[in-house]
>>> print(open('model37.cif').read())   # mmCIF, C-alpha atoms
data_query
#
loop_
_atom_site.label_atom_id
_atom_site.label_comp_id
_atom_site.auth_asym_id
_atom_site.auth_seq_id
_atom_site.Cartn_x
_atom_site.Cartn_y
_atom_site.Cartn_z
CA MET A 200 -161.64 56.07 139.81
CA LEU A 201 -162.29 52.67 138.30
CA ASN A 202 -160.01 50.75 135.97
CA SER A 203 -161.27 47.19 135.65
CA VAL A 204 -161.20 44.94 132.60
CA VAL A 205 -162.74 41.53 131.99
CA MET A 206 -162.17 40.01 128.55
CA MET A 207 -162.79 36.62 127.04
CA GLY A 208 -161.15 35.64 123.80
CA ARG A 209 -158.83 33.25 122.01
CA LEU A 210 -155.05 33.35 122.20
CA THR A 211 -153.55 34.38 118.87
CA ALA A 212 -150.22 32.65 119.62
CA ASP A 213 -148.58 30.66 122.41
CA PRO A 214 -147.91 32.89 125.45
CA GLU A 215 -144.30 34.10 125.71
CA LEU A 216 -142.75 33.59 129.16
CA ARG A 217 -139.66 35.62 130.08
CA THR A 218 -137.80 36.43 133.28
CA THR A 219 -136.66 39.90 134.33
CA PRO A 220 -133.05 40.42 135.52
CA ASN A 221 -134.45 40.32 139.08
CA GLY A 222 -135.92 36.84 138.46
CA VAL A 223 -139.58 37.89 138.13
CA SER A 224 -141.65 35.92 135.61
CA VAL A 225 -143.56 37.93 132.99
CA CYS A 226 -145.79 36.51 130.26
CA SER A 227 -147.01 38.39 127.19
CA PHE A 228 -149.86 37.26 124.96
CA THR A 229 -152.58 38.62 122.70
CA ILE A 230 -156.25 37.67 122.73
CA ALA A 231 -158.73 38.04 119.88
CA VAL A 232 -162.17 39.20 121.02
CA ASP A 233 -165.20 39.39 118.73
CA ARG A 234 -167.30 42.52 119.05
CA PRO A 235 -170.77 41.76 120.42
CA HIS A 236 -172.67 43.47 117.59
CA GLN A 237 -172.28 43.49 113.86
CA ARG A 238 -173.95 45.33 111.03
CA SER A 239 -176.50 43.43 109.02
CA GLY A 240 -174.77 41.52 106.23
CA ALA A 241 -171.27 42.49 107.43
CA GLU A 242 -168.61 40.16 108.76
CA ARG A 243 -167.99 40.07 112.50
CA VAL A 244 -165.27 42.48 113.66
CA THR A 245 -162.50 41.16 115.91
CA ASP A 246 -160.33 43.28 118.20
CA PHE A 247 -156.89 42.20 119.42
CA PHE A 248 -155.74 43.04 122.94
CA ASP A 249 -152.19 42.74 124.26
CA CYS A 250 -151.98 41.27 127.74
CA VAL A 251 -149.18 40.95 130.28
CA ALA A 252 -149.20 38.73 133.37
CA TRP A 253 -146.63 38.77 136.16
CA ARG A 254 -145.22 36.27 138.67
CA SER A 255 -147.43 33.24 139.36
CA ASN A 256 -150.10 34.44 136.91
CA ALA A 257 -147.43 34.51 134.18
CA GLU A 258 -146.33 30.96 134.95
CA PHE A 259 -149.96 29.75 135.08
CA VAL A 260 -150.86 31.24 131.69
CA SER A 261 -147.69 30.00 129.98
CA ARG A 262 -148.09 26.48 131.39
CA TYR A 263 -151.78 25.85 130.72
CA PHE A 264 -152.79 28.00 127.74
CA HIS A 265 -151.76 27.70 124.10
CA LYS A 266 -152.62 29.24 120.74
CA GLY A 267 -156.35 28.99 119.99
CA ASN A 268 -157.42 28.37 123.60
CA LEU A 269 -160.32 30.38 124.98
CA ILE A 270 -159.26 32.40 128.03
CA CYS A 271 -160.94 34.87 130.36
CA VAL A 272 -158.68 37.54 131.86
CA GLN A 273 -159.39 39.98 134.68
CA GLY A 274 -157.20 42.97 135.33
CA TYR A 275 -156.73 46.60 134.46
CA MET A 276 -155.72 48.67 131.45
CA THR A 277 -152.38 50.49 131.25
CA VAL A 278 -150.77 52.85 128.76
CA ARG A 279 -147.01 52.63 128.27
CA PRO A 280 -145.28 55.38 126.27
CA TYR A 281 -142.25 54.50 124.13
CA GLN A 282 -140.26 55.72 121.13
CA ASP A 283 -140.22 53.70 117.94
CA LYS A 284 -137.09 53.12 115.86
CA ASN A 285 -137.74 56.36 113.94
CA GLY A 286 -137.88 58.43 117.15
CA ASN A 287 -141.68 58.89 117.06
CA ASN A 288 -143.52 58.90 120.39
CA ARG A 289 -145.98 56.00 120.59
CA ARG A 290 -148.25 54.41 123.17
CA ALA A 291 -148.80 50.75 123.94
CA TYR A 292 -152.12 49.80 125.54
CA GLU A 293 -152.02 46.58 127.58
CA ILE A 294 -154.22 44.64 129.92
CA VAL A 295 -152.30 43.80 133.10
CA VAL A 296 -153.73 40.42 134.10
CA ASP A 297 -154.57 39.92 137.76
CA ALA A 298 -156.32 36.58 137.12
CA ALA A 299 -156.75 34.20 134.20
CA HIS A 300 -159.51 31.60 134.00
CA PHE A 301 -160.26 28.50 131.96
CA VAL A 302 -163.40 28.90 129.85
CA GLU A 303 -163.58 25.59 128.00
CA SER A 304 -162.96 21.98 128.94
CA LYS A 305 -159.57 20.42 128.30
CA ARG A 306 -161.06 18.34 125.47
CA ASP A 307 -162.62 21.43 123.83
CA ALA A 308 -159.36 23.34 124.25
CA ALA A 309 -157.45 20.57 122.48
CA ALA A 310 -159.99 20.59 119.66
CA SER A 311 -159.78 24.39 119.25
CA ALA A 312 -155.98 24.26 119.04
CA ALA A 313 -156.10 21.64 116.26
CA PRO A 314 -156.97 22.79 112.75
CA ALA A 315 -160.56 22.00 111.80
CA PRO A 316 -161.25 19.75 108.82
CA ALA A 317 -161.96 21.68 105.61
CA ALA A 318 -165.46 20.24 105.33
CA GLN A 319 -166.46 21.74 108.69
CA ASN A 320 -165.09 25.19 107.85
CA ASN A 321 -167.30 25.50 104.76
CA ALA A 322 -170.50 24.24 106.37
CA PRO A 323 -173.26 26.88 106.35
CA ALA A 324 -174.67 28.05 109.66
CA ALA A 325 -178.07 26.74 110.64
CA ALA A 326 -180.89 29.05 109.56
CA TYR A 327 -184.13 29.44 111.46
CA SER A 328 -186.62 31.06 109.13
CA SER A 329 -189.79 30.71 111.17
CA GLY A 330 -190.51 31.83 114.68
CA ASP A 331 -193.69 29.77 114.61
CA ALA A 332 -195.52 29.30 117.91
CA GLY A 333 -196.24 25.72 116.79
CA ASP A 334 -192.90 24.71 118.30
CA PHE A 335 -194.15 25.40 121.81
CA VAL A 336 -196.44 23.32 123.98
CA GLU A 337 -198.58 24.80 126.73
CA ILE A 338 -197.97 23.31 130.18
CA PRO A 339 -201.33 22.50 131.75
CA GLY A 340 -201.87 23.62 135.35
CA ASP A 341 -199.24 25.94 136.73
CA ASP A 342 -200.40 25.49 140.34
CA ASP A 343 -197.16 23.72 141.34
CA LEU A 344 -194.83 26.47 140.09
CA PRO A 345 -192.91 28.18 142.93
CA PHE A 346 -193.47 31.70 141.59
#
>>> encode(input="model37.cif", output="structure tokens")
Amino acid sequence: MLNSVVMMGRLTADPELRTTPNGVSVCSFTIAVDRPHQRSGAERVTDFFDCVAWRSNAEFVSRYFHKGNLICVQGYMTVRPYQDKNGNNRRAYEIVVDAAHFVESKRDAAASAAPAPAAQNNAPAAAYSSGDAGDFVEIPGDDDLPF
């Protein structure tokens, strides 16, 4: 059997570090991950995944990552059954994080955590209307290429 997860997304809030009664560190956080494909003319769909990290991984995530930071997590998926306050049986799906990785530079992470100026948020995306071959230049003599 194989249960392996690799996700890259942005933290939706600051990670929450707690300690169990036995003194084990545990950190809970949620990441927002955009789906890779979208329908033509539709807005991009974002999924939210709950993550939990234990021991040194928990301390690492809580110390170095904050709301808005891009993070890559590796781990496995778990399902935890529980009863809600009305007595209904529910399931919580979580990614148990074995490793967390930086994805952006410290400067970029600081910029992503700060709110963007309003003028930048309303700027239209660049549009490329022509796939004209006039943008390319032929390289004369490919005798020195290694392949």
>>> resolve_selection(input="model37.cif", expression="the PyMOL selection byres ((chain A and resi 220-234) around 10)", output="ChimeraX atom specification")
/A:206-219,235-237,243-261,265-272,293-296
>>> atom_distance(input="model37.cif", atom1="CA of Ser239 in chain A", atom2="CA of Val205 in chain A")
26.8 Å
>>> residues_around(input="model37.cif", residues="Arg279 in chain A", least_positions_apart="5", cutoff="9 Å", atoms="all atoms listed in the file", output="ChimeraX atom specification")
/A:289-293
>>> resolve_selection(input="model37.cif", expression="the PyMOL selection byres ((chain A and resi 275) around 6)", output="list in words")
Asn202, Ser203, Val204, Gly274, Met276, Ile294 and Val295 of chain A
>>> write_last_selection(input="model37.cif", atoms="C-alpha atoms", output="PDB file, keeping the file's coordinate frame")
ATOM      1  CA  ASN A 202    -160.010  50.750 135.970  1.00  0.00           C
ATOM      2  CA  SER A 203    -161.270  47.190 135.650  1.00  0.00           C
ATOM      3  CA  VAL A 204    -161.200  44.940 132.600  1.00  0.00           C
ATOM      4  CA  GLY A 274    -157.200  42.970 135.330  1.00  0.00           C
ATOM      5  CA  MET A 276    -155.720  48.670 131.450  1.00  0.00           C
ATOM      6  CA  ILE A 294    -154.220  44.640 129.920  1.00  0.00           C
ATOM      7  CA  VAL A 295    -152.300  43.800 133.100  1.00  0.00           C
TER       8      VAL A 295
END
>>> atom_distance(input="model37.cif", atom1="CA of Asn288 in chain A", atom2="CA of Gln273 in chain A")
28.5 Å
